Amino acid sequence: MITAPVLWLCRTGWRRPLHRLGPKRTSGACRSIFLRTALAMATGGKDSHSGIPRYTNRLIHEKSPYLLQHAHNPVNWYPWGQEAFDKAKREDKLIFLSVGYSACHWCHVMEQESFQNVEIGQILNENFVCIKVDREERPDVDKVYMTFVQATSSGGGWPMSVWLTPDLKPFVGGTYFPPEDSIHQVGFQTVLLRILEQWKRNKSTLLENSQKIISALLARTDVGVRGGEVPPSSQEVMTRCFQQLLDSYDEEYGGFSESPKFPTPVNLNFLFSYWALHRSTSEGARALQMALHTLKMMAYGGINDHIAKGFHRYSTDQRWHVPHFEKMLYDQGQLAAAYAKAFQISGEELFADVATGILLYVSRDLSDKSGGFYSAEDADSYPTAQSKENQEGAFYVWTAEEIRRLLPDPLEGIPERKTTADVFMHHYGVKEDGNVNPMKDPHNELKGKNVPIVQYSLELTAARFGLDLEQLKALLAQSRETLYTARRQRPRPHLDSKMLASWNGLMISGFAQSGAILGKKEYVDRAASAANFLHSHMYNTSSGRLLRSCYRGKDNSVEQSSVPIHGFLEDYVFVIQALFDLYEASLDPRWLEWAVQLQHKQDELFWDPEGFAYFSTEASDPSLLLRIKDDQDGAEPSPNSIAVTNLLRAASYTGHKEWVKKAGQVLAAFSERLLKIPVVLPEMARATAAAHLTLKQIVICGDPSRDDTRDLLHCVYTTFTPNRVLILADGDSTGFLYRHLPFLSPLEQKDGKATAYICENFTCSLPVTSSQELRHLLLL
């Protein structure tokens, strides 16, 4: 751990947001030193009579929903930019940097408790330059300062609070602070006053130590090849990663921790690949069981919205029951693909149903008319239209009384006097006094409420009420529809209508992969619509560069911020991955062409020619103190992890061998981490097998409109085969693939039938024309 010189001021670790604080407003008399209306009074927010905001700061000119949530705080917020930096240097003031995102429950709590507090606002305005950052809009800024917070304390999280010198160097930081001192934690106001005192008394020491911190962080974050490293042994990395996952696996409920419990699709994808490479071994069978059991337990749990579909962010308990209720786009994209693959492997309809439910939710609630996908829905909402305070989960939970009122119909043909509500409540664990453990609800926001969770199998519930299986399925489906209709009358959680290139890429992959596996063309079409959206609104054709974000504007238009934010490494890798997935699902070569163009641009902007691998950001931004290479797969895969597979796919589609070399260099740069703790990079561990074995090129020669070609394609789509690419050889010698891959030209249809070839290193097997023969070759 790096020691921060004044960390004693606020030694706050990561506050796991398991407990739901009741928002508390405080006030005090003060004067404002920024834009304000004539109605300014002693507290923040809006005038209680007119509804006109008392305060308006510079964030009112931003597009980010998160920044706009703070536009009427009595804090003179600046967006991240030169105006704020210049003010700090000109007035020799410290910078208070606050980072969060619009669906963050604890960000809302700190805003209500501290940033709407006029007394705290006065201290901030008179003594600091205050900068507010949306971490989803500016992941580059977030990663630099989160690296500092994690290195100097026991963890990290959001909201992130960091104090910087006027030249942007951090010297103390933390996460959430309560407004006032308590037994367990120093209050925000006290922290501010102590930091001011230190700045006045020990400025030169603080400046000197902040430079030492930056030097230490530079050394800590230096990832690269320092000598003659080569890519690590795939077998060693894969074996160790599997063992480390096995060691943390929850036998009863699935997942890889006790609580809180996150979906971690990267772990599930690794286990699927490990199984495919070890199908005949007990370890392979164990890997598959771990993945499928985890997905089932998640599907049954309250983390899955049984009424309107889609997954909440994570579970606060071990059995996936009580979630943190925000819904994030990146989770939906990755989980849709994971559940589709689970169906592809197992054939169990449950997994297909869950994937379908996720995509229904995204299509209905997170889709812009232009084709893009929105970022998130909040955890908090008003319980009723008359409520004055938001509560976490209010939109999603139920009382037993509500359910009995909504589902009163009696069951016919059984001796007991039971209603539809009795069946629903039994199956989904609804209790008269609520089913939320009080330990997970210390502030009584969920007292007496129920989070639906599948408590019994369909067979057991059917037997309990004397129903046949189809009757029960129809009854539960109708009950969910009734509750969904009723829930729509409640005040909805806030929608973050920001559209991000990277998360749109993950969602395109979810639709494309699910469409191919489940045989649903409408999903592939939805993926193509989103890709067209990215090309139209988030891609500069003249420079070949992606943009990071755009926003839903007035009258459903698409708007850009006044200073557009260029794409980061994660935007490129997730969009490139999406375009490869979309090509394989649609067989439209224009997506390949764009993917290859973006791969060249990614190499130009982010590649480290000395230490190898890709930096997360470009070199051109002087406000960023560090250029980081992410070394951990988290809620989203590390960009370098995805980049390895992208490079191998790009090489397979173009014959450009330099990309194979680059993939090996990325693995070499992360070799030490992969050999010691591959469990933190399961996606990259999975990629080591692709690099070691080389990708199979599955070539289908034929007309995609003909049944025989479609039959072979269906075989490929329904067989789980990692480490391969799919190529349609349609005979168009002027097309993209024929121009780049000369080995395709001699490949022909056999006896006039659609024909499949399995090729490795551009050398092909004997041709086959039946799906049975093809499936046999795919499973070798």
# chains A, B, ... in the order shown; residues from 1 in each chain; ligands from 1
call {"tool": "closest_atom_pairs", "arguments": {"of": "stretch 423-482 of chain A", "to": "stretch 313-336 of chain A", "cutoff": "7 Å", "atoms": "only C-alpha atoms", "output": "JSON lines"}}
result
{"residue": "A:Val436", "atom": "CA", "partner": "A:Val322", "partner_atom": "CA", "distance": 6.9}
{"residue": "A:Val451", "atom": "CA", "partner": "A:Val322", "partner_atom": "CA", "distance": 6.6}
{"residue": "A:Ile453", "atom": "CA", "partner": "A:His321", "partner_atom": "CA", "distance": 6.4}
call {"tool": "select_by_dssp", "arguments": {"residues": "stretch 537-582 of chain A", "states": "strand (DSSP E)", "output": "list of chain:residue names"}}
result
A:Tyr539, A:Asn540, A:Arg545, A:Leu546, A:Ser549, A:Cys550, A:Tyr551, A:Arg552, A:Val558, A:Glu559
call {"tool": "atom_distance", "arguments": {"atom1": "atom CA of A:Thr709", "atom2": "atom CA of A:Glu760"}}
result
21.3 Å
call {"tool": "residues_around", "arguments": {"residues": "A:Asn267", "least_positions_apart": "3", "cutoff": "12 Å", "atoms": "only C-alpha atoms", "output": "PyMOL selection string"}}
result
chain A and resi 238+241-242+244-246+248-249+254-256+262-264+270-274+287-288+290-292+294-295+334-335+338+633-637+678-686
call {"tool": "residues_around", "arguments": {"residues": "A:Phe373", "least_positions_apart": "2", "cutoff": "9 Å", "atoms": "only C-alpha atoms", "output": "ChimeraX atom specification"}}
result
/A:329,362-363,366-368,370-371,375,497-500,503-504,507,530
call {"tool": "closest_atom_pairs", "arguments": {"of": "stretch 50-151 of chain A", "to": "stretch 561-582 of chain A", "cutoff": "12 Å", "atoms": "only C-alpha atoms", "output": "CSV"}}
result
residue,atom,partner,partner_atom,distance
A:Leu59,CA,A:Ser561,CA,11.8
A:His61,CA,A:Ser562,CA,8.6
A:Glu62,CA,A:Ser561,CA,6.8
A:Lys63,CA,A:Ser561,CA,5.8
A:Ser64,CA,A:Ser561,CA,8.3
A:Pro65,CA,A:Ser561,CA,11.7
A:Pro79,CA,A:Val563,CA,11.3
A:Trp80,CA,A:Val563,CA,11.2
A:Gly81,CA,A:Val563,CA,10.0
A:Gln82,CA,A:Val563,CA,11.8
A:Glu136,CA,A:Phe568,CA,11.3
A:Glu137,CA,A:Ile565,CA,8.1
A:Arg138,CA,A:Ile565,CA,8.2
A:Pro139,CA,A:Phe568,CA,8.2
A:Asp140,CA,A:Phe568,CA,7.7
A:Val141,CA,A:Phe568,CA,11.3
A:Lys143,CA,A:Phe568,CA,11.9
call {"tool": "write_last_selection", "arguments": {"atoms": "N, CA, C and O atoms", "output": "JSON list (two decimals), in the first residue's frame"}}
result
[["chain", "number", "residue", "atom", "x", "y", "z"],
["A", 59, "LEU", "N", -22.76, 23.10, -14.44],
["A", 59, "LEU", "CA", -23.14, 21.78, -14.94],
["A", 59, "LEU", "C", -24.45, 21.83, -15.73],
["A", 59, "LEU", "O", -24.77, 20.88, -16.44],
["A", 61, "HIS", "N", -24.95, 23.29, -18.30],
["A", 61, "HIS", "CA", -24.62, 23.30, -19.73],
["A", 61, "HIS", "C", -24.10, 21.94, -20.22],
["A", 61, "HIS", "O", -23.75, 21.81, -21.41],
["A", 62, "GLU", "N", -24.03, 20.95, -19.34],
["A", 62, "GLU", "CA", -23.52, 19.63, -19.72],
["A", 62, "GLU", "C", -24.64, 18.73, -20.24],
["A", 62, "GLU", "O", -25.83, 19.03, -20.08],
["A", 63, "LYS", "N", -24.25, 17.63, -20.85],
["A", 63, "LYS", "CA", -25.21, 16.65, -21.38],
["A", 63, "LYS", "C", -25.35, 15.42, -20.49],
["A", 63, "LYS", "O", -26.37, 14.74, -20.54],
["A", 64, "SER", "N", -24.34, 15.13, -19.70],
["A", 64, "SER", "CA", -24.36, 13.93, -18.85],
["A", 64, "SER", "C", -25.51, 13.99, -17.85],
["A", 64, "SER", "O", -25.61, 14.96, -17.08],
["A", 65, "PRO", "N", -26.37, 12.98, -17.79],
["A", 65, "PRO", "CA", -27.44, 12.97, -16.79],
["A", 65, "PRO", "C", -26.91, 13.08, -15.36],
["A", 65, "PRO", "O", -27.55, 13.71, -14.51],
["A", 79, "PRO", "N", -17.27, 21.27, -14.64],
["A", 79, "PRO", "CA", -16.92, 20.00, -15.30],
["A", 79, "PRO", "C", -15.40, 19.89, -15.40],
["A", 79, "PRO", "O", -14.68, 20.89, -15.25],
["A", 80, "TRP", "N", -14.93, 18.67, -15.63],
["A", 80, "TRP", "CA", -13.49, 18.47, -15.83],
["A", 80, "TRP", "C", -13.06, 19.23, -17.07],
["A", 80, "TRP", "O", -13.59, 19.04, -18.16],
["A", 81, "GLY", "N", -12.09, 20.17, -16.91],
["A", 81, "GLY", "CA", -11.66, 20.94, -18.06],
["A", 81, "GLY", "C", -10.75, 22.09, -17.68],
["A", 81, "GLY", "O", -10.50, 22.36, -16.50],
["A", 82, "GLN", "N", -10.29, 22.78, -18.68],
["A", 82, "GLN", "CA", -9.26, 23.80, -18.50],
["A", 82, "GLN", "C", -9.73, 24.98, -17.65],
["A", 82, "GLN", "O", -8.93, 25.56, -16.91],
["A", 136, "GLU", "N", -18.64, 7.27, -16.11],
["A", 136, "GLU", "CA", -18.96, 6.54, -17.33],
["A", 136, "GLU", "C", -18.62, 7.36, -18.56],
["A", 136, "GLU", "O", -18.26, 6.81, -19.61],
["A", 137, "GLU", "N", -18.70, 8.67, -18.44],
["A", 137, "GLU", "CA", -18.35, 9.56, -19.53],
["A", 137, "GLU", "C", -16.84, 9.73, -19.63],
["A", 137, "GLU", "O", -16.29, 9.82, -20.73],
["A", 138, "ARG", "N", -16.16, 9.78, -18.49],
["A", 138, "ARG", "CA", -14.71, 9.97, -18.44],
["A", 138, "ARG", "C", -14.03, 8.86, -17.63],
["A", 138, "ARG", "O", -13.53, 9.07, -16.53],
["A", 139, "PRO", "N", -14.02, 7.62, -18.16],
["A", 139, "PRO", "CA", -13.36, 6.54, -17.43],
["A", 139, "PRO", "C", -11.87, 6.78, -17.26],
["A", 139, "PRO", "O", -11.24, 6.21, -16.36],
["A", 140, "ASP", "N", -11.29, 7.60, -18.11],
["A", 140, "ASP", "CA", -9.86, 7.88, -18.01],
["A", 140, "ASP", "C", -9.55, 8.63, -16.72],
["A", 140, "ASP", "O", -8.61, 8.27, -15.99],
["A", 141, "VAL", "N", -10.33, 9.66, -16.42],
["A", 141, "VAL", "CA", -10.13, 10.41, -15.18],
["A", 141, "VAL", "C", -10.42, 9.52, -13.98],
["A", 141, "VAL", "O", -9.66, 9.49, -13.00],
["A", 143, "LYS", "N", -10.17, 6.29, -13.66],
["A", 143, "LYS", "CA", -9.17, 5.24, -13.41],
["A", 143, "LYS", "C", -7.91, 5.81, -12.78],
["A", 143, "LYS", "O", -7.29, 5.16, -11.93]]
call {"tool": "residues_around", "arguments": {"residues": "A:Leu483", "least_positions_apart": "5", "cutoff": "10 Å", "atoms": "only C-alpha atoms", "output": "list in words"}}
result
Ile307, Ala308, Trp398, Glu402, Ile403, Leu406, Leu407, Gln478 and Arg488 of chain A
call {"tool": "write_last_selection", "arguments": {"atoms": "N, CA and C atoms", "output": "CSV table (one decimal), in the first residue's frame"}}
result
chain,number,residue,atom,x,y,z
A,307,ILE,N,-40.5,-9.8,-13.0
A,307,ILE,CA,-41.7,-9.1,-13.5
A,307,ILE,C,-41.4,-8.5,-14.9
A,308,ALA,N,-40.4,-7.7,-15.0
A,308,ALA,CA,-40.1,-7.0,-16.3
A,308,ALA,C,-38.8,-7.4,-17.0
A,398,TRP,N,-42.8,-5.5,-3.5
A,398,TRP,CA,-44.2,-5.7,-3.4
A,398,TRP,C,-44.6,-6.1,-1.9
A,402,GLU,N,-50.7,-6.1,-1.8
A,402,GLU,CA,-50.8,-5.7,-3.2
A,402,GLU,C,-51.0,-6.9,-4.1
A,403,ILE,N,-50.3,-7.9,-3.8
A,403,ILE,CA,-50.3,-9.1,-4.7
A,403,ILE,C,-51.7,-9.8,-4.6
A,406,LEU,N,-54.2,-7.7,-6.5
A,406,LEU,CA,-54.0,-7.8,-8.0
A,406,LEU,C,-54.3,-9.2,-8.6
A,407,LEU,N,-54.1,-10.2,-7.8
A,407,LEU,CA,-54.3,-11.6,-8.3
A,407,LEU,C,-55.4,-12.3,-7.5
A,478,GLN,N,-49.3,-15.1,-16.7
A,478,GLN,CA,-50.4,-14.1,-16.7
A,478,GLN,C,-50.3,-13.3,-15.4
A,488,ARG,N,-46.1,-0.5,-13.8
A,488,ARG,CA,-45.9,0.6,-14.8
A,488,ARG,C,-46.6,1.9,-14.3
call {"tool": "select_by_dssp", "arguments": {"residues": "stretch 477-594 of chain A", "states": "alpha helix (DSSP H)", "output": "PyMOL selection string"}}
result
chain A and resi 477-487+501-518+521-537+569-586+589-594
call {"tool": "closest_residue", "arguments": {"among": "A:Ser557, A:Gln749, A:Gln697, A:Ser102", "to": "A:His494", "atoms": "only C-alpha atoms"}}
result
A:Ser102
call {"tool": "residues_around", "arguments": {"residues": "A:Leu667", "least_positions_apart": "3", "cutoff": "9 Å", "atoms": "only C-alpha atoms", "output": "PyMOL selection string"}}
result
chain A and resi 230-232+613+640-641+644+662-664+670-671+674+684-685+687-688+691
call {"tool": "residues_around", "arguments": {"residues": "A:His535", "least_positions_apart": "3", "cutoff": "12 Å", "atoms": "only C-alpha atoms", "output": "list in words"}}
result
Ser370, Gly371, Gly372, Ala501, Asn504, Gly505, Ala528, Ser529, Ala530, Ala531, Asn532, Met538, Tyr539, Asn540, Thr541, Gly544, Arg545, Leu546, Leu547, Val575, Leu579, Arg590, Trp591, Trp594, Ala595 and Leu598 of chain A
call {"tool": "atom_distance", "arguments": {"atom1": "atom CA of A:Leu774", "atom2": "atom CA of A:Glu748"}}
result
16.0 Å
call {"tool": "closest_residue", "arguments": {"among": "A:Asn646, A:Ile95, A:Val162, A:Ser457", "to": "A:Met297", "atoms": "only C-alpha atoms"}}
result
A:Ser457
call {"tool": "closest_residue", "arguments": {"among": "A:Lys369, A:His656, A:Ile642, A:Pro408", "to": "A:Phe533", "atoms": "only C-alpha atoms"}}
result
A:Lys369
